[in-house]
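Peer 1: Sharing data.cif (mmCIF, C-alpha atoms (C1' of nucleotides)) below.
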```
data_final
loop_
_atom_site.label_atom_id
_atom_site.label_comp_id
_atom_site.auth_asym_id
_atom_site.auth_seq_id
_atom_site.Cartn_x
_atom_site.Cartn_y
_atom_site.Cartn_z
CA MET A 1 0.12 22.79 -27.57
CA VAL A 2 1.24 19.80 -25.64
CA GLU A 3 1.34 17.64 -28.73
CA GLN A 4 4.22 19.61 -30.24
CA LEU A 5 6.44 18.52 -27.39
CA LEU A 6 6.17 14.89 -28.36
CA SER A 7 9.19 13.58 -30.19
CA ASN A 8 7.57 10.36 -31.34
CA PRO A 9 4.94 10.63 -34.09
CA ASP A 10 3.48 7.25 -33.10
CA GLU A 11 2.79 8.55 -29.64
CA PHE A 12 1.14 11.57 -31.21
CA ASP A 13 -1.18 9.36 -33.27
CA PHE A 14 -1.93 7.21 -30.28
CA LEU A 15 -2.97 10.19 -28.19
CA LEU A 16 -5.11 11.58 -31.00
CA GLU A 17 -6.98 8.31 -31.39
CA THR A 18 -7.26 7.90 -27.66
CA HIS A 19 -8.73 11.37 -27.24
CA GLN A 20 -11.27 10.76 -29.98
CA GLN A 21 -12.41 7.48 -28.49
CA ILE A 22 -12.75 9.01 -25.06
CA GLU A 23 -14.69 11.99 -26.35
CA VAL A 24 -17.27 9.67 -27.88
CA GLN A 25 -17.38 7.47 -24.80
CA LEU A 26 -18.02 10.45 -22.54
CA ALA A 27 -20.57 12.05 -24.86
CA GLN A 28 -22.65 8.88 -24.64
CA GLN A 29 -23.14 9.61 -20.95
CA ASP A 30 -23.65 13.36 -21.33
CA HIS A 31 -20.20 14.22 -20.11
CA ARG A 32 -17.82 16.68 -21.73
CA TYR A 33 -14.24 15.93 -22.55
CA THR A 34 -12.85 19.14 -21.08
CA ASN A 35 -9.30 20.40 -21.08
CA SER A 36 -8.52 19.29 -17.57
CA ARG A 37 -9.85 15.81 -18.34
CA ARG A 38 -7.63 15.69 -21.43
CA GLN A 39 -4.62 16.70 -19.38
CA LEU A 40 -5.42 14.01 -16.85
CA VAL A 41 -5.63 11.38 -19.58
CA GLU A 42 -2.37 12.58 -21.09
CA VAL A 43 -0.56 12.25 -17.79
CA LEU A 44 -1.74 8.65 -17.43
CA SER A 45 -1.08 7.86 -21.06
CA LYS A 46 2.46 9.20 -21.06
CA ALA A 47 3.37 7.53 -17.78
CA GLY A 48 2.57 4.13 -19.25
CA HIS A 49 2.00 2.61 -15.81
CA PRO A 50 -0.61 2.96 -13.06
CA MET A 51 -0.29 6.15 -11.00
CA ALA A 52 -1.45 7.23 -7.55
CA LEU A 53 -3.01 10.63 -7.06
CA PRO A 54 0.04 12.50 -5.71
CA ASN A 55 2.05 11.45 -8.76
CA ILE A 56 -0.68 12.55 -11.13
CA VAL A 57 -0.92 15.99 -9.56
CA ALA A 58 2.87 16.33 -9.43
CA ALA A 59 3.16 15.42 -13.10
CA ASP A 60 1.10 18.41 -14.22
CA PRO A 61 1.02 21.48 -11.99
CA ALA A 62 -2.05 22.76 -13.84
CA LEU A 63 -4.14 19.99 -12.31
CA ALA A 64 -6.10 20.82 -9.16
CA GLN A 65 -6.29 18.01 -6.65
CA SER A 66 -10.04 18.25 -6.11
CA SER A 67 -10.70 18.33 -9.84
CA VAL A 68 -8.47 15.33 -10.42
CA TYR A 69 -10.37 13.34 -7.80
CA ARG A 70 -13.70 14.36 -9.29
CA ASN A 71 -12.63 13.66 -12.84
CA LEU A 72 -11.06 10.33 -11.99
CA ASN A 73 -14.46 9.30 -10.65
CA VAL A 74 -16.25 10.51 -13.74
CA LEU A 75 -13.82 8.73 -16.02
CA VAL A 76 -13.89 5.53 -13.99
CA ARG A 77 -17.68 5.49 -14.05
CA SER A 78 -17.57 6.05 -17.80
CA GLY A 79 -15.18 3.15 -18.28
CA VAL A 80 -12.32 5.30 -19.55
CA ILE A 81 -10.07 4.81 -16.54
CA ARG A 82 -9.57 1.79 -14.31
CA ARG A 83 -9.08 2.01 -10.56
CA ILE A 84 -6.65 -0.43 -8.96
CA ASN A 85 -7.10 -1.09 -5.24
CA THR A 86 -3.79 -2.20 -3.81
CA GLY A 87 -4.69 -1.94 -0.16
CA GLY A 88 -1.98 0.71 0.29
CA ASP A 89 -2.68 4.33 1.14
CA HIS A 90 -3.67 5.35 -2.37
CA ALA A 91 -5.69 3.87 -5.17
CA TYR A 92 -3.87 3.60 -8.50
CA PHE A 93 -5.27 4.59 -11.88
CA GLU A 94 -4.55 3.65 -15.48
CA LEU A 95 -6.33 3.88 -18.82
CA ALA A 96 -8.98 1.18 -19.09
CA GLU A 97 -9.59 -1.35 -21.83
CA PRO A 98 -9.83 -1.10 -24.76
CA LEU A 99 -7.51 1.92 -24.67
CA LEU A 100 -4.99 -0.36 -23.04
CA ALA A 101 -4.74 -4.06 -23.87
CA HIS A 102 -6.07 -6.54 -21.32
CA HIS A 103 -3.39 -7.20 -18.74
CA HIS A 104 -2.75 -7.83 -15.06
CA HIS A 105 -0.42 -6.58 -12.35
CA LEU A 106 2.51 -7.47 -10.19
CA ILE A 107 2.07 -5.56 -6.92
CA CYS A 108 5.06 -5.16 -4.62
CA MET A 109 4.11 -5.64 -0.98
CA SER A 110 7.13 -3.63 0.17
CA CYS A 111 7.24 -0.49 -1.97
CA GLY A 112 3.81 -0.58 -3.60
CA ALA A 113 5.16 -0.46 -7.15
CA ILE A 114 2.89 -1.84 -9.83
CA GLN A 115 4.05 -3.51 -13.02
CA ASP A 116 1.93 -4.66 -15.94
CA ILE A 117 2.02 -8.31 -16.98
CA TYR A 118 0.43 -10.23 -19.82
CA LEU A 119 -0.76 -13.81 -19.64
CA THR A 120 -0.99 -16.10 -22.63
CA SER A 121 -4.22 -15.96 -24.59
CA GLU A 122 -4.78 -19.63 -23.79
CA VAL A 123 -4.78 -18.98 -20.06
CA GLU A 124 -6.95 -15.87 -20.47
CA MET A 125 -9.47 -17.84 -22.46
CA LEU A 126 -9.68 -20.65 -19.94
CA VAL A 127 -10.02 -18.24 -17.03
CA ASP A 128 -12.75 -16.31 -18.83
CA ARG A 129 -14.68 -19.44 -19.63
CA ASN A 130 -14.39 -20.83 -16.12
CA LEU A 131 -15.39 -17.52 -14.53
CA ALA A 132 -18.38 -17.23 -16.86
CA GLU A 133 -19.57 -20.71 -15.87
CA VAL A 134 -19.29 -20.01 -12.17
CA ALA A 135 -20.97 -16.61 -12.50
CA LEU A 136 -23.85 -18.11 -14.42
CA GLU A 137 -24.48 -20.65 -11.66
CA SER A 138 -24.84 -17.78 -9.17
CA GLY A 139 -26.96 -15.56 -11.39
CA PHE A 140 -24.09 -13.08 -11.33
CA THR A 141 -23.57 -10.70 -14.27
CA PRO A 142 -19.84 -10.34 -14.95
CA ILE A 143 -18.42 -6.94 -15.96
CA TYR A 144 -14.67 -7.38 -15.61
CA HIS A 145 -12.13 -9.35 -13.65
CA ASN A 146 -8.94 -8.53 -11.79
CA LEU A 147 -5.97 -10.81 -11.42
CA ASP A 148 -2.92 -9.60 -9.57
CA LEU A 149 0.13 -11.21 -8.14
CA HIS A 150 1.40 -9.89 -4.81
CA GLY A 151 4.96 -10.37 -3.64
CA HIS A 152 8.28 -8.55 -3.63
CA CYS A 153 9.76 -6.78 -6.63
CA ALA A 154 13.37 -7.12 -7.77
CA ASN A 155 14.42 -4.01 -5.81
CA CYS A 156 12.86 -4.99 -2.52
CA MET B 1 -18.34 -21.58 26.65
CA VAL B 2 -19.14 -20.53 23.16
CA GLU B 3 -18.58 -24.02 21.84
CA GLN B 4 -21.57 -25.42 23.72
CA LEU B 5 -23.86 -23.23 21.66
CA LEU B 6 -22.88 -24.98 18.45
CA SER B 7 -25.43 -27.44 17.23
CA ASN B 8 -23.16 -29.10 14.68
CA PRO B 9 -20.36 -31.32 16.01
CA ASP B 10 -18.46 -30.97 12.71
CA GLU B 11 -18.33 -27.25 13.17
CA PHE B 12 -17.07 -27.80 16.69
CA ASP B 13 -14.23 -29.98 15.41
CA PHE B 14 -13.42 -27.51 12.69
CA LEU B 15 -13.09 -24.66 15.15
CA LEU B 16 -10.95 -26.72 17.48
CA GLU B 17 -8.53 -27.62 14.71
CA THR B 18 -8.57 -24.09 13.40
CA HIS B 19 -7.75 -22.65 16.80
CA GLN B 20 -4.89 -25.06 17.27
CA GLN B 21 -3.38 -24.25 13.91
CA ILE B 22 -3.65 -20.54 14.53
CA GLU B 23 -2.11 -20.81 17.96
CA VAL B 24 0.97 -22.46 16.48
CA GLN B 25 1.12 -20.01 13.60
CA LEU B 26 1.02 -17.04 15.96
CA ALA B 27 3.49 -18.51 18.41
CA GLN B 28 6.04 -18.75 15.61
CA GLN B 29 6.00 -14.96 15.45
CA ASP B 30 5.91 -14.39 19.21
CA HIS B 31 2.26 -13.50 19.25
CA ARG B 32 -0.28 -14.78 21.70
CA TYR B 33 -3.58 -16.29 20.72
CA THR B 34 -5.62 -14.30 23.21
CA ASN B 35 -9.30 -14.48 23.96
CA SER B 36 -10.25 -11.48 21.86
CA ARG B 37 -8.30 -12.89 18.91
CA ARG B 38 -10.12 -16.19 19.31
CA GLN B 39 -13.46 -14.42 19.37
CA LEU B 40 -12.51 -12.51 16.23
CA VAL B 41 -11.59 -15.72 14.46
CA GLU B 42 -14.82 -17.36 15.56
CA VAL B 43 -16.89 -14.53 14.16
CA LEU B 44 -15.19 -14.87 10.78
CA SER B 45 -15.32 -18.65 10.86
CA LYS B 46 -19.00 -18.83 11.69
CA ALA B 47 -19.98 -16.23 9.13
CA GLY B 48 -18.49 -18.34 6.35
CA HIS B 49 -18.05 -15.33 4.09
CA PRO B 50 -15.85 -12.23 4.06
CA MET B 51 -16.88 -9.53 6.54
CA ALA B 52 -16.29 -5.81 6.85
CA LEU B 53 -15.38 -4.28 10.18
CA PRO B 54 -18.80 -2.98 11.24
CA ASN B 55 -20.29 -6.44 10.75
CA ILE B 56 -17.53 -8.05 12.76
CA VAL B 57 -18.01 -5.69 15.68
CA ALA B 58 -21.79 -6.02 15.50
CA ALA B 59 -21.54 -9.81 15.52
CA ASP B 60 -19.87 -9.87 18.94
CA PRO B 61 -20.51 -6.98 21.33
CA ALA B 62 -17.52 -8.00 23.42
CA LEU B 63 -15.17 -6.91 20.63
CA ALA B 64 -13.73 -3.40 20.88
CA GLN B 65 -13.35 -1.63 17.57
CA SER B 66 -9.77 -0.52 18.14
CA SER B 67 -8.74 -3.98 19.25
CA VAL B 68 -10.38 -5.58 16.25
CA TYR B 69 -8.49 -3.28 13.90
CA ARG B 70 -5.22 -3.99 15.68
CA ASN B 71 -5.79 -7.73 15.81
CA LEU B 72 -6.90 -7.94 12.20
CA ASN B 73 -3.54 -6.42 11.29
CA VAL B 74 -1.64 -8.83 13.49
CA LEU B 75 -3.51 -11.80 12.08
CA VAL B 76 -3.14 -10.60 8.48
CA ARG B 77 0.61 -10.13 8.96
CA SER B 78 0.80 -13.61 10.44
CA GLY B 79 -1.03 -15.10 7.47
CA VAL B 80 -4.05 -16.22 9.49
CA ILE B 81 -6.49 -13.75 7.96
CA ARG B 82 -6.73 -12.41 4.44
CA ARG B 83 -7.66 -8.82 3.63
CA ILE B 84 -9.81 -8.22 0.54
CA ASN B 85 -9.67 -4.74 -0.98
CA THR B 86 -12.90 -4.15 -2.82
CA GLY B 87 -12.51 -0.44 -3.40
CA GLY B 88 -15.62 0.21 -1.33
CA ASP B 89 -15.61 1.99 2.01
CA HIS B 90 -14.38 -0.96 4.00
CA ALA B 91 -11.86 -3.71 3.57
CA TYR B 92 -13.24 -7.22 3.93
CA PHE B 93 -11.66 -10.03 5.92
CA GLU B 94 -11.84 -13.81 5.87
CA LEU B 95 -9.77 -16.70 7.16
CA ALA B 96 -6.70 -17.23 4.99
CA GLU B 97 -5.37 -20.36 3.36
CA PRO B 98 -4.85 -23.07 4.39
CA LEU B 99 -7.64 -22.62 6.96
CA LEU B 100 -9.89 -21.97 4.00
CA ALA B 101 -9.42 -23.68 0.65
CA HIS B 102 -7.99 -21.61 -2.19
CA HIS B 103 -10.80 -19.69 -3.84
CA HIS B 104 -11.74 -16.40 -5.46
CA HIS B 105 -14.57 -13.87 -5.25
CA LEU B 106 -17.56 -12.47 -7.01
CA ILE B 107 -17.82 -8.82 -5.97
CA CYS B 108 -21.09 -7.00 -6.56
CA MET B 109 -20.52 -3.49 -7.83
CA SER B 110 -23.94 -2.38 -6.57
CA CYS B 111 -24.29 -3.68 -3.05
CA GLY B 112 -20.72 -4.71 -2.27
CA ALA B 113 -21.64 -8.29 -1.41
CA ILE B 114 -18.86 -10.85 -1.76
CA GLN B 115 -19.35 -14.48 -2.67
CA ASP B 116 -16.74 -17.23 -2.77
CA ILE B 117 -16.13 -19.10 -6.01
CA TYR B 118 -13.94 -22.04 -6.93
CA LEU B 119 -12.22 -22.53 -10.26
CA THR B 120 -11.25 -25.91 -11.64
CA SER B 121 -7.87 -27.23 -10.61
CA GLU B 122 -6.85 -27.27 -14.26
CA VAL B 123 -7.39 -23.52 -14.59
CA GLU B 124 -5.71 -22.85 -11.25
CA MET B 125 -2.69 -24.83 -12.33
CA LEU B 126 -2.34 -23.05 -15.65
CA VAL B 127 -2.74 -19.62 -14.03
CA ASP B 128 -0.16 -20.45 -11.38
CA ARG B 129 2.32 -21.67 -13.95
CA ASN B 130 1.83 -18.69 -16.22
CA LEU B 131 2.11 -16.21 -13.34
CA ALA B 132 5.27 -17.91 -12.10
CA GLU B 133 6.86 -17.60 -15.54
CA VAL B 134 6.03 -13.93 -15.86
CA ALA B 135 7.18 -13.17 -12.31
CA LEU B 136 10.48 -14.92 -12.91
CA GLU B 137 11.16 -12.76 -15.97
CA SER B 138 10.76 -9.64 -13.81
CA GLY B 139 12.76 -10.90 -10.86
CA PHE B 140 9.53 -10.72 -8.85
CA THR B 141 9.03 -13.05 -5.87
CA PRO B 142 5.39 -14.21 -5.79
CA ILE B 143 3.59 -14.58 -2.47
CA TYR B 144 -0.06 -14.95 -3.44
CA HIS B 145 -2.50 -13.95 -6.14
CA ASN B 146 -5.97 -12.48 -6.22
CA LEU B 147 -8.56 -13.13 -8.86
CA ASP B 148 -11.96 -11.53 -8.54
CA LEU B 149 -14.88 -11.03 -10.83
CA HIS B 150 -16.73 -7.72 -10.59
CA GLY B 151 -20.29 -7.29 -11.79
CA HIS B 152 -23.82 -7.38 -10.45
CA CYS B 153 -25.19 -10.06 -8.16
CA ALA B 154 -28.51 -11.80 -8.64
CA ASN B 155 -30.30 -9.37 -6.28
CA CYS B 156 -29.02 -6.19 -7.91
"C1'" DT C 1 -28.83 37.24 -25.43
"C1'" DT C 2 -30.30 34.21 -22.06
"C1'" DA C 3 -31.34 30.38 -19.34
"C1'" DA C 4 -29.97 25.91 -18.23
"C1'" DT C 5 -26.46 22.80 -17.42
"C1'" DA C 6 -21.80 21.13 -16.76
"C1'" DC C 7 -17.42 22.02 -14.94
"C1'" DT C 8 -13.79 24.05 -11.93
"C1'" DA C 9 -11.09 24.59 -7.72
"C1'" DA C 10 -10.24 25.99 -2.92
"C1'" DG C 11 -11.14 24.73 1.29
"C1'" DA C 12 -14.18 22.35 4.67
"C1'" DA C 13 -16.03 18.05 6.09
"C1'" DT C 14 -16.19 13.03 6.39
"C1'" DC C 15 -14.93 8.79 8.12
"C1'" DA C 16 -12.18 4.42 7.84
"C1'" DT C 17 -8.14 3.43 9.89
"C1'" DT C 18 -4.15 4.12 12.79
"C1'" DC C 19 -2.03 5.90 16.84
"C1'" DT C 20 -1.49 7.09 21.88
"C1'" DC C 21 -1.28 5.85 26.37
"C1'" DA C 22 -2.71 4.38 30.80
"C1'" DT C 23 -4.17 0.01 32.41
"C1'" DT C 24 -4.46 -5.02 32.52
"C1'" DT C 25 -2.94 -9.61 31.38
"C1'" DT C 26 0.41 -13.01 30.54
"C1'" DT C 27 5.01 -15.04 30.65
"C1'" DG C 28 9.28 -16.36 32.46
"C1'" DT C 29 12.55 -16.40 36.29
"C1'" DG C 30 14.40 -16.72 41.00
"C1'" DC D 1 4.62 -17.26 45.23
"C1'" DA D 2 6.20 -12.83 43.88
"C1'" DC D 3 8.01 -9.65 40.45
"C1'" DA D 4 9.87 -7.71 36.48
"C1'" DA D 5 9.46 -7.71 31.43
"C1'" DA D 6 6.85 -8.07 27.53
"C1'" DA D 7 2.23 -8.22 25.13
"C1'" DA D 8 -2.22 -7.02 24.76
"C1'" DT D 9 -6.34 -4.15 25.67
"C1'" DG D 10 -9.62 -0.37 24.79
"C1'" DA D 11 -11.16 4.42 24.89
"C1'" DG D 12 -10.45 8.29 22.69
"C1'" DA D 13 -7.47 11.41 19.84
"C1'" DA D 14 -5.15 12.00 15.53
"C1'" DT D 15 -4.32 11.11 10.67
"C1'" DG D 16 -5.09 11.52 6.02
"C1'" DA D 17 -7.17 9.93 1.62
"C1'" DT D 18 -11.24 11.02 -0.46
"C1'" DT D 19 -15.60 13.39 -0.93
"C1'" DC D 20 -18.48 17.36 -0.39
"C1'" DT D 21 -19.75 22.30 -0.54
"C1'" DT D 22 -20.03 26.41 -2.77
"C1'" DA D 23 -19.31 30.36 -5.43
"C1'" DG D 24 -17.75 31.34 -9.67
"C1'" DT D 25 -16.71 30.11 -14.81
"C1'" DA D 26 -17.47 27.88 -19.24
"C1'" DT D 27 -20.37 25.63 -22.55
"C1'" DT D 28 -24.54 24.40 -24.84
"C1'" DA D 29 -29.08 25.07 -26.88
"C1'" DA D 30 -32.92 27.81 -28.06
#
```
Spell out the structure here as structure tokens.

Peer 2:
Amino acid sequence: MVEQLLSNPDEFDFLLETHQQIEVQLAQQDHRYTNSRRQLVEVLSKAGHPMALPNIVAADPALAQSSVYRNLNVLVRSGVIRRINTGGDHAYFELAEPLLAHHHHLICMSCGAIQDIYLTSEVEMLVDRNLAEVALESGFTPIYHNLDLHGHCANC
Amino acid sequence: MVEQLLSNPDEFDFLLETHQQIEVQLAQQDHRYTNSRRQLVEVLSKAGHPMALPNIVAADPALAQSSVYRNLNVLVRSGVIRRINTGGDHAYFELAEPLLAHHHHLICMSCGAIQDIYLTSEVEMLVDRNLAEVALESGFTPIYHNLDLHGHCANC
DNA sequence: TTAATACTAAGAATCATTCTCATTTTTGTG
DNA sequence: CACAAAAATGAGAATGATTCTTAGTATTAA
């Protein structure tokens, strides 16, 4: 069992809870939470940062590329995983809210690295309110928003 | 001359100014503002909203697909055009700041349509400040930010 | 048990985008 | 006005991330 390899009991609990939530979320849309989907979620969860497909596949040799692509789509459509479009060669993927707290990204224009950032709740609230107003005026139904800062990371 | 077809003198002035600015901006990087680049800019300018490649090519039969792709890249690298990654099949393109005022986008998850939105200057200021703080902590050098709201447009 | 349905995974197919290259246009210099 | 050097063009080939196909496997429900 993969769980026995974890040194940190908190991480163990987190994964357990995460798996349970996801199972319910998928069941609501008549999808199964199969082994390979669990493994995919564990790779993303343990990495702790957004990953592109080659990294996901490399992180767990049991994962088949075609299945990962298919399952990423299923999980994105079910709201379990979030797709991040950087404009680079690959899309990036991370666990979606509420499995992960609401946050945004620094995206390096040189190396493509992605780092999570958190804004103050005051700023988040004002942005939300302002976006909601503008959406309402256009008859637009908001689902989620993206906010990312592009530039050059410390290494580049 | 394309300009003679314009009914609105304001639009004529706007294009003139725009072309002049772009010519300078390109010259600074040893690029020429050629005819086909002008035509590309005019298509985007007249549309008044972000366009995907097939629409750009369809809007002006004189534009060759391969040249449009190449020139979009040149103009994006020079900061004249902005690329919008929606996650759909195509990237979208629009004139960049300061040719267009700072704004954000509503992106329809059903039909892919993109609409410009403007936030209040108060919100923009707070977001900028907060992003700058967070970037500084990470040694990240900010260039620009994206903020887009995904959901369903009035038609969908 | 059995039928229906979901899932898997290897490889083929798709298609947006980039690359190649022969030709044309523009620029700068004598 | 050449004329060489540098940029740009455009048609088609190549690339490569992602999706599709398909035959087989696993799960569910009756």

Peer 1: Nearest to Ala52 (chain A): which of A:Arg129, A:His90, A:Arg37, A:His150 is it, counting all atoms listed in the file?

Peer 2: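 Under the stated criterion, the closest residue is A:His90.
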
Peer 1: Counting all atoms listed in the file, figure out which residue out of A:Gly139, A:Gly88, A:Pro50, A:Gly79 gets nearest to chain D.

Peer 2: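 Going through A:Gly139, A:Gly88, A:Pro50, A:Gly79 one by one, the smallest distance to chain D is for A:Gly88.
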
Peer 1: Run the PyMOL selection byres ((chain A and resi 97) around 9) against the file shown and list the residues it catches, as an MDAnalysis selection string.

Peer 2: chainID A and resid 79:82 95:96 98:102

Peer 1: Using the chain letters and residue numbers of this document, give as a list in words the residues selected by the PyMOL selection byres ((chain B) within 9 of (chain D)).

Peer 2: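 With the shown file as input, the PyMOL selection byres ((chain B) within 9 of (chain D)) matches His31, Arg32, Thr34, Ala64, Gln65, Ser66 and Ser67 of chain B.
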
Peer 1: Please measure the separation of CA of Asn71 (chain B) and CA of Ser36 (chain B), giving the value in Å to one decimal.

Peer 2: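 Interatomic distance, CA of Asn71 (chain B) to CA of Ser36 (chain B): 8.4 Å.
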
Peer 1: Can you spell out as number ranges by chain the set of residues that the PyMOL selection byres ((chain C) within 12 of (chain B)) selects in the structure I just provided?

Peer 2: C: 14-20, 25-27

Peer 1: Can you list, as number ranges by chain, every protein, DNA or RNA residue that comes within 9 Å of Met109 (chain B) when you count all atoms listed in the file, leaving out same-chain residues fewer than 4 positions away?

Peer 2: B: 88, 113, 150-153, 156

Peer 1: Quick one: contact table of chain A to chain B, 8 Å max, nearest atom pair and distance in Å to one decimal per residue, counting all atoms listed in the file, chain and number order, as a tab-separated table?

Peer 2:
```
residue	atom	partner	partner_atom	distance
A:Asn85	CA	B:Gly87	CA	5.8
A:Thr86	CA	B:Asn85	CA	7.0
A:Gly87	CA	B:Asn85	CA	5.8
A:Leu106	CA	B:Ala135	CA	7.7
A:Ile117	CA	B:Val134	CA	7.0
A:Tyr118	CA	B:Val134	CA	7.8
A:Leu119	CA	B:Asn130	CA	6.5
A:Thr120	CA	B:Asn130	CA	7.5
A:Val123	CA	B:Val127	CA	6.4
A:Leu126	CA	B:Val123	CA	6.5
A:Val127	CA	B:Val123	CA	6.4
A:Asn130	CA	B:Leu119	CA	6.5
A:Leu131	CA	B:Leu119	CA	7.3
A:Val134	CA	B:Ile117	CA	7.0
A:Ala135	CA	B:Leu106	CA	7.7
A:Ser138	CA	B:Ala154	CA	7.0
A:Gly139	CA	B:Ala154	CA	4.9
A:Phe140	CA	B:Cys153	CA	4.5
A:Thr141	CA	B:His152	CA	5.1
A:Pro142	CA	B:Gly151	CA	4.4
A:Ile143	CA	B:Gly151	CA	4.6
A:Tyr144	CA	B:His150	CA	5.4
A:His145	CA	B:Leu149	CA	4.3
A:Asn146	CA	B:Asp148	CA	5.4
A:Leu147	CA	B:Leu147	CA	4.3
A:Asp148	CA	B:Asn146	CA	5.4
A:Leu149	CA	B:His145	CA	4.3
A:His150	CA	B:Tyr144	CA	5.4
A:Gly151	CA	B:Pro142	CA	4.4
A:His152	CA	B:Thr141	CA	5.1
A:Cys153	CA	B:Phe140	CA	4.5
A:Ala154	CA	B:Gly139	CA	4.9
```

Peer 1: Write out the residues from the selection above, keeping C-alpha atoms, as a PDB file, in the coordinates of the input.

Peer 2:
```
ATOM      1  CA  ASN A  85      -7.100  -1.090  -5.240  1.00  0.00           C
ATOM      2  CA  THR A  86      -3.790  -2.200  -3.810  1.00  0.00           C
ATOM      3  CA  GLY A  87      -4.690  -1.940  -0.160  1.00  0.00           C
ATOM      4  CA  LEU A 106       2.510  -7.470 -10.190  1.00  0.00           C
ATOM      5  CA  ILE A 117       2.020  -8.310 -16.980  1.00  0.00           C
ATOM      6  CA  TYR A 118       0.430 -10.230 -19.820  1.00  0.00           C
ATOM      7  CA  LEU A 119      -0.760 -13.810 -19.640  1.00  0.00           C
ATOM      8  CA  THR A 120      -0.990 -16.100 -22.630  1.00  0.00           C
ATOM      9  CA  VAL A 123      -4.780 -18.980 -20.060  1.00  0.00           C
ATOM     10  CA  LEU A 126      -9.680 -20.650 -19.940  1.00  0.00           C
ATOM     11  CA  VAL A 127     -10.020 -18.240 -17.030  1.00  0.00           C
ATOM     12  CA  ASN A 130     -14.390 -20.830 -16.120  1.00  0.00           C
ATOM     13  CA  LEU A 131     -15.390 -17.520 -14.530  1.00  0.00           C
ATOM     14  CA  VAL A 134     -19.290 -20.010 -12.170  1.00  0.00           C
ATOM     15  CA  ALA A 135     -20.970 -16.610 -12.500  1.00  0.00           C
ATOM     16  CA  SER A 138     -24.840 -17.780  -9.170  1.00  0.00           C
ATOM     17  CA  GLY A 139     -26.960 -15.560 -11.390  1.00  0.00           C
ATOM     18  CA  PHE A 140     -24.090 -13.080 -11.330  1.00  0.00           C
ATOM     19  CA  THR A 141     -23.570 -10.700 -14.270  1.00  0.00           C
ATOM     20  CA  PRO A 142     -19.840 -10.340 -14.950  1.00  0.00           C
ATOM     21  CA  ILE A 143     -18.420  -6.940 -15.960  1.00  0.00           C
ATOM     22  CA  TYR A 144     -14.670  -7.380 -15.610  1.00  0.00           C
ATOM     23  CA  HIS A 145     -12.130  -9.350 -13.650  1.00  0.00           C
ATOM     24  CA  ASN A 146      -8.940  -8.530 -11.790  1.00  0.00           C
ATOM     25  CA  LEU A 147      -5.970 -10.810 -11.420  1.00  0.00           C
ATOM     26  CA  ASP A 148      -2.920  -9.600  -9.570  1.00  0.00           C
ATOM     27  CA  LEU A 149       0.130 -11.210  -8.140  1.00  0.00           C
ATOM     28  CA  HIS A 150       1.400  -9.890  -4.810  1.00  0.00           C
ATOM     29  CA  GLY A 151       4.960 -10.370  -3.640  1.00  0.00           C
ATOM     30  CA  HIS A 152       8.280  -8.550  -3.630  1.00  0.00           C
ATOM     31  CA  CYS A 153       9.760  -6.780  -6.630  1.00  0.00           C
ATOM     32  CA  ALA A 154      13.370  -7.120  -7.770  1.00  0.00           C
TER      33      ALA A 154
END
```

Peer 1: Provide the CA of Pro54 (chain A) to CA of Asp116 (chain A) distance in Å, to one decimal place.

Peer 2: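 CA of Pro54 (chain A) sits 20.1 Å away from CA of Asp116 (chain A).
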
Peer 1: So which residues touch Leu63 (chain B) within 9 Å, counting only C-alpha atoms (C1' of nucleotides), skipping near sequence neighbours fewer than 4 positions away, as a ChimeraX atom specification?

Peer 2: /B:36,39-40,56-59,67-68

Peer 1: Quick one: distance from CA of Gln29 (chain A) to CA of Arg77 (chain A) in Å, one decimal?

Peer 2: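 Computed distance, CA of Gln29 (chain A) to CA of Arg77 (chain A), equals 9.7 Å.
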
Peer 1: Output as an mmCIF file, keeping the file's coordinate frame: region 15-22 of chain B, completed with N, CA and C atoms.

Peer 2:
```cif
data_model
loop_
_atom_site.group_PDB
_atom_site.id
_atom_site.type_symbol
_atom_site.label_atom_id
_atom_site.label_comp_id
_atom_site.auth_asym_id
_atom_site.auth_seq_id
_atom_site.Cartn_x
_atom_site.Cartn_y
_atom_site.Cartn_z
ATOM 1 N N LEU B 15 -13.600 -25.784 14.384
ATOM 2 C CA LEU B 15 -13.090 -24.660 15.150
ATOM 3 C C LEU B 15 -11.920 -25.064 16.036
ATOM 4 N N LEU B 16 -12.032 -26.238 16.632
ATOM 5 C CA LEU B 16 -10.950 -26.720 17.480
ATOM 6 C C LEU B 16 -9.647 -26.789 16.697
ATOM 7 N N GLU B 17 -9.714 -27.487 15.570
ATOM 8 C CA GLU B 17 -8.530 -27.620 14.710
ATOM 9 C C GLU B 17 -8.016 -26.268 14.293
ATOM 10 N N THR B 18 -8.939 -25.422 13.845
ATOM 11 C CA THR B 18 -8.570 -24.090 13.400
ATOM 12 C C THR B 18 -7.828 -23.335 14.493
ATOM 13 N N HIS B 19 -8.381 -23.354 15.693
ATOM 14 C CA HIS B 19 -7.750 -22.650 16.800
ATOM 15 C C HIS B 19 -6.347 -23.177 17.065
ATOM 16 N N GLN B 20 -6.217 -24.489 17.004
ATOM 17 C CA GLN B 20 -4.890 -25.060 17.270
ATOM 18 C C GLN B 20 -3.868 -24.620 16.231
ATOM 19 N N GLN B 21 -4.280 -24.672 14.974
ATOM 20 C CA GLN B 21 -3.380 -24.250 13.910
ATOM 21 C C GLN B 21 -2.955 -22.800 14.090
ATOM 22 N N ILE B 22 -3.935 -21.966 14.404
ATOM 23 C CA ILE B 22 -3.650 -20.540 14.530
ATOM 24 C C ILE B 22 -2.722 -20.288 15.709
#
```
